Each structure stands twice: as structure tokens, then as C-alpha cells.
>>> print(open('run-v4.cif').read())   # mmCIF, C-alpha atoms
data_model
loop_
_atom_site.label_atom_id
_atom_site.label_comp_id
_atom_site.auth_asym_id
_atom_site.auth_seq_id
_atom_site.Cartn_x
_atom_site.Cartn_y
_atom_site.Cartn_z
CA MET A 209 32.94 92.88 -2.96
CA GLU A 210 33.02 90.07 -0.40
CA GLU A 211 30.15 87.85 0.74
CA ARG A 212 29.34 86.54 4.21
CA ARG A 213 26.94 83.61 4.09
CA ASN A 214 25.49 80.87 6.31
CA ILE A 215 26.78 82.29 9.61
CA PRO A 216 24.60 81.24 12.58
CA GLY A 217 22.66 84.18 14.00
CA VAL A 218 23.79 86.56 11.23
CA PRO A 219 21.90 87.41 8.02
CA ASP A 220 23.74 86.90 4.75
CA TYR A 221 25.44 90.12 3.69
CA THR A 222 28.00 91.63 1.36
CA VAL A 223 31.01 93.82 2.21
CA GLU A 224 32.40 96.71 0.20
CA MET A 225 35.74 97.76 1.71
CA LEU A 226 36.33 101.44 1.00
CA ALA A 227 39.36 101.79 3.30
CA GLU A 228 41.56 99.77 5.62
CA LYS A 229 40.86 99.43 9.34
CA ARG A 230 42.23 102.60 10.94
CA SER A 231 40.86 102.73 14.48
CA ASP A 232 40.13 100.61 17.54
CA TYR A 233 36.56 101.93 17.37
CA CYS A 234 33.87 101.84 14.71
CA LEU A 235 30.52 103.58 14.23
CA LEU A 236 27.72 101.41 12.82
CA ILE A 237 24.93 103.29 11.02
CA PRO A 238 21.91 101.17 10.00
CA ILE A 239 20.09 102.69 7.03
CA ILE A 240 17.44 101.93 4.45
CA ASN A 241 16.43 104.57 1.91
CA GLU A 242 17.46 107.52 4.10
CA GLY A 243 18.33 109.55 1.01
CA GLY A 244 19.70 112.99 1.71
CA ARG A 245 19.42 112.52 5.47
CA ILE A 246 22.29 110.02 5.66
CA LEU A 247 24.41 112.06 3.25
CA LYS A 248 23.95 115.18 5.38
CA GLU A 249 24.83 113.18 8.49
CA LEU A 250 28.01 111.90 6.87
CA ASP A 251 28.91 115.44 5.78
CA ARG A 252 28.51 116.60 9.39
CA ALA A 253 30.68 113.71 10.57
CA LYS A 254 33.42 114.58 8.11
CA ALA A 255 33.33 118.26 9.06
CA ALA A 256 33.66 117.32 12.74
CA GLY A 257 36.57 114.94 12.12
CA VAL A 258 34.60 111.89 13.22
CA CYS A 259 36.08 109.67 10.52
CA GLY A 260 39.50 110.34 12.06
CA LEU A 261 38.32 108.91 15.38
CA VAL A 262 36.24 105.91 14.29
CA ASP A 263 35.77 103.76 11.21
CA ILE A 264 32.32 104.59 9.84
CA ILE A 265 30.48 101.47 8.67
CA LEU A 266 27.08 101.70 6.97
CA CYS A 267 24.74 98.76 7.60
CA ASP A 268 22.34 98.92 4.67
CA GLY A 269 19.06 97.04 4.63
CA GLY A 270 18.76 97.22 0.84
CA SER A 271 18.48 100.89 -0.14
CA THR A 272 17.31 101.69 -3.66
CA ASP A 273 17.41 105.51 -3.51
CA GLY A 274 21.00 106.00 -4.69
CA SER A 275 22.29 107.10 -1.28
CA THR A 276 24.74 104.18 -1.07
CA GLU A 277 26.66 104.80 -4.28
CA LEU A 278 30.28 104.04 -3.45
CA PRO A 279 32.04 107.18 -4.78
CA GLY A 280 29.77 109.41 -2.69
CA LEU A 281 30.30 107.33 0.43
CA LYS A 282 34.06 107.17 0.00
CA SER A 283 34.31 110.95 -0.46
CA ARG A 284 32.41 111.36 2.80
CA GLY A 285 34.81 109.20 4.79
CA VAL A 286 32.85 105.94 4.98
CA ASN A 287 35.14 103.00 5.72
CA CYS A 288 32.88 100.07 4.72
CA LEU A 289 29.43 99.43 3.29
CA LEU A 290 27.66 96.29 4.49
CA THR A 291 24.51 95.28 2.60
CA LYS A 292 22.10 92.79 4.12
CA THR A 293 20.90 90.17 1.63
CA GLY A 294 19.24 87.88 4.19
CA PRO A 295 15.97 88.36 6.13
CA GLY A 296 15.22 90.68 9.05
CA LYS A 297 14.89 94.38 9.80
CA GLN A 298 16.87 96.74 12.06
CA GLY A 299 18.01 94.00 14.44
CA ALA A 300 19.33 91.97 11.52
CA GLN A 301 21.21 95.02 10.19
CA LEU A 302 22.79 95.53 13.61
CA ARG A 303 23.71 91.84 13.94
CA MET A 304 25.36 92.06 10.54
CA GLY A 305 27.31 95.11 11.69
CA LEU A 306 28.26 93.61 15.05
CA HIS A 307 29.46 90.40 13.42
CA PHE A 308 31.67 92.29 10.97
CA ALA A 309 33.00 94.66 13.65
CA LEU A 310 33.87 91.88 16.09
CA GLU A 311 35.44 89.82 13.32
CA ARG A 312 37.53 92.85 12.35
CA GLY A 313 38.79 93.28 15.90
CA TYR A 314 37.30 96.56 17.11
CA GLU A 315 37.54 97.17 20.87
CA GLY A 316 34.50 99.45 20.98
CA ILE A 317 31.42 99.66 18.75
CA LEU A 318 29.23 102.76 18.51
CA THR A 319 25.80 102.90 16.85
CA ILE A 320 23.69 105.81 15.62
CA ASP A 321 20.59 106.20 13.46
CA GLY A 322 21.11 107.29 9.87
CA ASN A 323 18.32 109.88 9.67
CA ASN A 324 20.40 112.91 10.71
CA LYS A 325 18.50 113.50 13.97
CA ASP A 326 21.46 112.90 16.30
CA SER A 327 24.55 114.94 17.16
CA ILE A 328 27.12 112.79 15.40
CA GLU A 329 29.63 115.39 16.59
CA SER A 330 29.28 113.84 20.09
CA VAL A 331 31.24 110.70 19.12
CA PRO A 332 34.28 111.71 21.25
CA LEU A 333 32.15 111.53 24.42
CA PHE A 334 31.41 107.85 23.78
CA ILE A 335 35.03 107.02 23.01
CA GLU A 336 36.13 108.74 26.23
CA LYS A 337 33.79 106.59 28.32
CA LEU A 338 34.79 103.38 26.53
CA SER A 339 38.44 104.19 27.19
CA GLU A 340 37.56 104.67 30.89
CA GLY A 341 36.28 101.09 31.03
CA TYR A 342 32.54 101.49 30.55
CA ASP A 343 30.80 98.64 28.71
CA LEU A 344 27.52 100.38 27.78
CA VAL A 345 27.42 104.10 27.04
CA GLN A 346 23.93 105.43 26.37
CA GLY A 347 23.39 108.78 24.67
CA SER A 348 20.71 110.89 26.34
CA ARG A 349 18.99 114.12 25.37
CA PHE A 350 17.46 114.32 28.85
CA ILE A 351 20.53 114.70 31.07
CA LYS A 352 22.54 117.85 31.77
CA GLY A 353 24.15 119.00 28.54
CA GLY A 354 21.75 117.07 26.33
CA LYS A 355 19.17 118.68 24.05
CA ALA A 356 15.73 117.43 22.99
CA VAL A 357 14.72 119.57 20.00
CA ASN A 358 11.15 119.49 18.66
CA THR A 359 10.48 116.08 20.24
CA PRO A 360 6.84 115.11 19.53
CA LEU A 361 4.86 115.23 22.77
CA SER A 362 3.63 111.64 22.39
CA ARG A 363 7.23 110.42 21.94
CA TRP A 364 8.46 112.48 24.90
CA LEU A 365 5.76 111.10 27.20
CA ALA A 366 6.29 107.50 26.04
CA VAL A 367 10.06 107.60 26.59
CA ARG A 368 9.97 109.41 29.92
CA PHE A 369 7.04 107.63 31.57
CA ILE A 370 6.88 104.16 29.95
CA HIS A 371 9.98 103.05 28.10
CA ALA A 372 12.71 104.47 30.36
CA PRO A 373 11.13 103.28 33.65
CA VAL A 374 10.55 99.73 32.35
CA ILE A 375 14.03 99.39 30.84
CA SER A 376 15.56 100.83 34.00
CA LEU A 377 13.61 98.35 36.12
CA ALA A 378 14.87 95.46 33.99
CA ALA A 379 18.44 96.79 33.97
CA ARG A 380 18.44 97.62 37.70
CA HIS A 381 20.06 100.90 36.65
CA TRP A 382 18.45 104.24 35.90
CA PHE A 383 18.51 105.28 32.23
CA THR A 384 16.73 108.34 30.85
CA ASP A 385 16.68 107.93 27.04
CA THR A 386 16.23 104.24 26.33
CA THR A 387 14.78 104.39 22.81
CA ASN A 388 17.86 106.26 21.62
CA ALA A 389 20.03 104.06 19.41
CA TYR A 390 22.97 106.46 19.81
CA ARG A 391 25.15 104.41 22.15
CA ALA A 392 28.38 102.44 22.48
CA TYR A 393 29.33 98.93 23.56
CA SER A 394 32.64 97.46 24.65
CA ARG A 395 33.99 94.35 23.00
CA ALA A 396 34.00 92.69 26.43
CA TYR A 397 30.24 93.26 26.73
CA LEU A 398 29.33 92.00 23.27
CA THR A 399 31.51 88.88 23.58
CA HIS A 400 30.42 88.03 27.14
CA PRO A 401 29.15 84.42 27.12
CA ALA A 402 25.93 85.47 28.87
CA VAL A 403 25.07 88.07 26.20
CA GLN A 404 25.26 86.42 22.75
CA PRO A 405 23.80 89.21 20.57
CA LEU A 406 24.17 87.22 17.33
CA ARG A 407 20.93 85.25 17.50
CA ASP A 408 17.94 85.10 15.15
CA ILE A 409 15.63 86.02 18.06
CA PHE A 410 16.53 89.66 17.28
CA PRO A 411 14.96 90.50 13.88
CA GLY A 412 13.80 94.05 14.70
CA TYR A 413 13.99 96.37 17.73
CA GLU A 414 14.49 93.50 20.17
CA LEU A 415 18.28 93.78 20.12
CA LEU A 416 18.31 97.45 21.21
CA ALA A 417 16.02 96.72 24.15
CA TYR A 418 18.01 93.65 25.16
CA LEU A 419 21.41 95.35 25.02
CA SER A 420 19.98 98.22 27.11
CA VAL A 421 19.32 95.92 30.05
CA ARG A 422 21.84 93.07 29.88
CA ALA A 423 25.06 94.92 30.75
CA THR A 424 24.10 96.02 34.24
CA GLN A 425 22.28 92.75 34.90
CA LEU A 426 25.71 91.13 34.53
CA GLY A 427 27.47 93.69 36.71
CA LEU A 428 29.15 95.51 33.83
CA LYS A 429 29.65 99.28 33.87
CA ALA A 430 27.10 101.60 32.23
CA CYS A 431 26.65 105.35 31.99
CA GLU A 432 24.96 108.06 29.93
CA VAL A 433 26.51 110.94 27.98
CA PRO A 434 24.70 114.08 26.76
CA VAL A 435 23.65 114.22 23.11
CA GLU A 436 21.26 116.21 20.98
CA ARG A 437 18.33 114.66 19.15
CA ALA A 438 16.51 117.07 16.85
CA TYR A 439 13.24 116.41 15.03
CA PRO A 440 12.13 118.59 12.11
CA LYS A 441 10.14 121.65 13.17
CA ASN A 442 7.58 120.98 10.46
CA GLY A 443 6.47 117.85 8.65
CA PRO A 444 6.49 114.19 9.71
CA ALA A 445 9.15 112.92 12.09
CA PRO A 446 11.72 110.63 10.43
CA THR A 447 11.12 107.34 12.24
CA LYS A 448 10.51 103.69 11.43
CA ILE A 449 8.11 103.30 14.40
CA LYS A 450 4.73 104.44 13.15
CA GLY A 451 1.09 104.02 14.10
CA PHE A 452 -0.64 101.75 16.58
CA LYS A 453 0.96 98.56 15.26
CA GLY A 454 4.51 99.90 15.50
CA ASN A 455 4.05 101.24 19.01
CA SER A 456 2.22 98.16 20.32
CA ASN A 457 5.00 95.96 18.95
CA LEU A 458 7.54 98.14 20.75
CA LEU A 459 5.65 97.64 24.02
CA LYS A 460 5.66 93.86 23.56
CA ILE A 461 9.42 93.92 23.05
CA LEU A 462 9.83 96.13 26.09
CA PHE A 463 8.00 93.78 28.45
CA ALA A 464 9.67 90.72 26.90
CA ALA A 465 13.04 92.26 27.81
CA LEU A 466 11.75 92.89 31.33
CA ALA A 467 10.70 89.25 31.60
CA GLY A 468 14.13 88.03 30.45
CA LYS A 469 12.81 86.35 27.31
CA TYR A 470 15.85 87.36 25.28
CA ASP A 471 18.42 86.04 27.76
CA PRO A 472 20.50 83.11 26.44
CA GLN A 473 19.10 79.75 27.51
#
>>> encode(input="run-v4.cif", output="C-alpha cells")
Amino acid sequence: MEERRNIPGVPDYTVEMLAEKRSDYCLLIPIINEGGRILKELDRAKAAGVCGLVDIILCDGGSTDGSTELPGLKSRGVNCLLTKTGPGKQGAQLRMGLHFALERGYEGILTIDGNNKDSIESVPLFIEKLSEGYDLVQGSRFIKGGKAVNTPLSRWLAVRFIHAPVISLAARHWFTDTTNAYRAYSRAYLTHPAVQPLRDIFPGYELLAYLSVRATQLGLKACEVPVERAYPKNGPAPTKIKGFKGNSNLLKILFAALAGKYDPQ
């Protein structure tokens, strides 16, 4: 196990290398206590040959449910396990992953949630667009070929009529599925001097909103690819955004991105 400590804009974290670097692309999966959901997602990825296309890197926020035991991850094709030991939530996990991926030399970085809602089998679509020179590739369930399965009505309305229009206004580019963390970034985008994603101003969902708008503001190329996002037919939806507080905080982040508050000074 290796440690990364005292890096500006990056939480302290540890690295468990389960395999050597094998690809020009990696897939970052932020998780915390996803249990069987992440294991099922990794099984799907292995069955679809995803680990032959990208290096799968788990960005763990400190899981205690046994889902990150190394033998199980290695057998499922995981390349590295990063474990955050410093402060912060999802944004800190992503900054940890981005730091490691850029340091390791990947040319393209994909991200996906670890709750088994997304079509991890769609990874080749993102790689194709990155190889064509796109800098931001957003997965969308709402474009032709995409599928929105059992999406809660409140979530559907919020994405379609609030989140997507505001993000699109800020980006000066129309996006349809802006809360979806299933996306890809080019190395050129993430290392652009006017982007600077490795900053402590991004502890939670701020980084996703910011990276949704910054590429096209800078004249970089962006597009969407069709994906499936499926919620359970019965029972609570697996999500970290819950209740009035979670949704009101998301709105604050949204309008802060519109106002340019996350742009480098």
C-alpha cells in the first residue's frame, strides 16, 4: 500500500495497486458502502470486457461493509483501489481519483456511479468519442438510444426542467442529462490552466456541476452519448441526494456554477 499526503487540492489517500497500468483510459468509480451494488456492477463490467478497455479504479470514501476486500476486487478486474483518508465527500473522492489518474498518465478519464444504476457496458461509446477528439462526453438517458428506466417523477422533472436548462445556459451548450455522473474527460480538458479541478472548493457535488459547464465555456468539444440509467422498480432509489436539504444544496451548487463562482481566480 502506498500513501499520498499533503498534496494541494487533493485529500490524503492510500493506493492499493492490484495490476499494472494497461490502458490509455481509466474508469473512476466513487463508492462508499455500496455493498452488493458495486460488486454486481463490477461483475457486469467483467462480463462485457470493460476491464480490457479501461483500467477500473475504485475511489473509496471509507467503506466498512466488506465490499472493498482486495481478493474480491482483483477477481472482478479492478486495477487499483484508492481510499480517501482526508476530509470531503464525493468531490474529494473524484479529486483523489483525478489526481492519481493524471499522475499515472491516462489520456482519458471516465467516471460512473458505483450503485449499479448505469449501463457500464456503454464504456466503448465514451472511448470512441474521446478518440475522436472530444474533451467532455456526457452520458444521457434522454437522447436517442438512451433509456430512462423507473426514473422517479420528481427526479425526471428536476433534471429536465431545472438542472439541465441551467447547466446548459452556463455551458452555452445544450445538455440533456446533467446530473448523470456517467461521463468522460480528456486529459487536455482536465489539465487546461483555466480549469484546475484539484481545488478544495470542490468537497461535494460542486465538481460535477463545474466540469459540466467549463469545457464549452473554453471552446473545447463536448457531446452526449446514449446510456441507460435504471432505478429499482420497488423500494427506495439508491442515491446520496436525499430530502429537502440535499436537493436545496444541489440547487445552490447549480446556481453557483452558473454565476462562475468555481472558475479559477
>>> resolve_selection(input="run-v4.cif", expression="the PyMOL selection byres ((chain A and resi 246-263) around 7)", output="PyMOL selection string")
chain A and resi 229-231+233-235+242-245+264-265+284-285+287+322-324+328-329+331
>>> closest_residue(input="run-v4.cif", among="A:Leu226, A:Leu344, A:Val357, A:Leu318", to="Pro440 of chain A", atoms="only C-alpha atoms")
A:Val357
>>> residues_around(input="run-v4.cif", residues="Arg212 of chain A", least_positions_apart="6", cutoff="7 Å", atoms="only C-alpha atoms", output="list in words")
Asp220, Tyr221 and Thr222 of chain A
>>> write_last_selection(input="run-v4.cif", atoms="C-alpha atoms", output="PDB file, in the frame of the given file")
ATOM      1  CA  ASP A 220      23.740  86.900   4.750  1.00  0.00           C
ATOM      2  CA  TYR A 221      25.440  90.120   3.690  1.00  0.00           C
ATOM      3  CA  THR A 222      28.000  91.630   1.360  1.00  0.00           C
TER       4      THR A 222
END
>>> closest_residue(input="run-v4.cif", among="A:Glu436, A:Glu414, A:Asp385, A:Glu315", to="Ser339 of chain A", atoms="only C-alpha atoms")
A:Glu315
>>> resolve_selection(input="run-v4.cif", expression="the PyMOL selection byres ((chain A and resi 471) around 9)", output="list in words")
Ala402, Val403, Gln404, Tyr418, Arg422, Ala465, Gly468, Lys469, Tyr470, Pro472 and Gln473 of chain A
>>> write_last_selection(input="run-v4.cif", atoms="C-alpha atoms", output="mmCIF file, in the frame of the given file")
data_model
loop_
_atom_site.group_PDB
_atom_site.id
_atom_site.type_symbol
_atom_site.label_atom_id
_atom_site.label_comp_id
_atom_site.auth_asym_id
_atom_site.auth_seq_id
_atom_site.Cartn_x
_atom_site.Cartn_y
_atom_site.Cartn_z
ATOM 1 C CA ALA A 402 25.930 85.470 28.870
ATOM 2 C CA VAL A 403 25.070 88.070 26.200
ATOM 3 C CA GLN A 404 25.260 86.420 22.750
ATOM 4 C CA TYR A 418 18.010 93.650 25.160
ATOM 5 C CA ARG A 422 21.840 93.070 29.880
ATOM 6 C CA ALA A 465 13.040 92.260 27.810
ATOM 7 C CA GLY A 468 14.130 88.030 30.450
ATOM 8 C CA LYS A 469 12.810 86.350 27.310
ATOM 9 C CA TYR A 470 15.850 87.360 25.280
ATOM 10 C CA PRO A 472 20.500 83.110 26.440
ATOM 11 C CA GLN A 473 19.100 79.750 27.510
#
>>> residues_near_point(input="run-v4.cif", point="(17.9, 100.8, 10.7)", cutoff="8 Å", atoms="only C-alpha atoms", output="VMD selection string")
chain A and resid 237 to 240 267 to 269 297 to 299 301 to 302 321 to 322 448
>>> closest_residue(input="run-v4.cif", among="A:His381, A:Lys282, A:Arg312, A:Arg349", to="Lys429 of chain A", atoms="only C-alpha atoms")
A:His381
>>> residues_around(input="run-v4.cif", residues="Gly347 of chain A", least_positions_apart="3", cutoff="8 Å", atoms="only C-alpha atoms", output="list of chain:residue names")
A:Asp385, A:Asn388, A:Ala389, A:Tyr390, A:Arg391, A:Glu432, A:Val433, A:Pro434, A:Val435
>>> atom_distance(input="run-v4.cif", atom1="atom CA of Ile351 of chain A", atom2="atom CA of Thr384 of chain A")
7.4 Å
>>> closest_residue(input="run-v4.cif", among="A:Leu416, A:Leu398, A:Val374, A:Ile215", to="Leu459 of chain A", atoms="all atoms listed in the file")
A:Val374
>>> atom_distance(input="run-v4.cif", atom1="atom CA of Leu289 of chain A", atom2="atom CA of Val218 of chain A")
16.1 Å
>>> closest_residue(input="run-v4.cif", among="A:Leu266, A:Leu462, A:Leu290, A:Ala227", to="Ile375 of chain A", atoms="all atoms listed in the file")
A:Leu462
>>> axis_aligned_box(input="run-v4.cif", around="segment 352-368 of chain A", padding_each_side="6 Å", output="JSON")
{"center_x": 13.9, "center_y": 113.5, "center_z": 25.2, "size_x": 32.5, "size_y": 24.1, "size_z": 25.1}
>>> resolve_selection(input="run-v4.cif", expression="the PyMOL selection byres ((chain A and resi 439) around 12)", output="PyMOL selection string")
chain A and resi 323-327+355-361+363-364+436-438+440-447
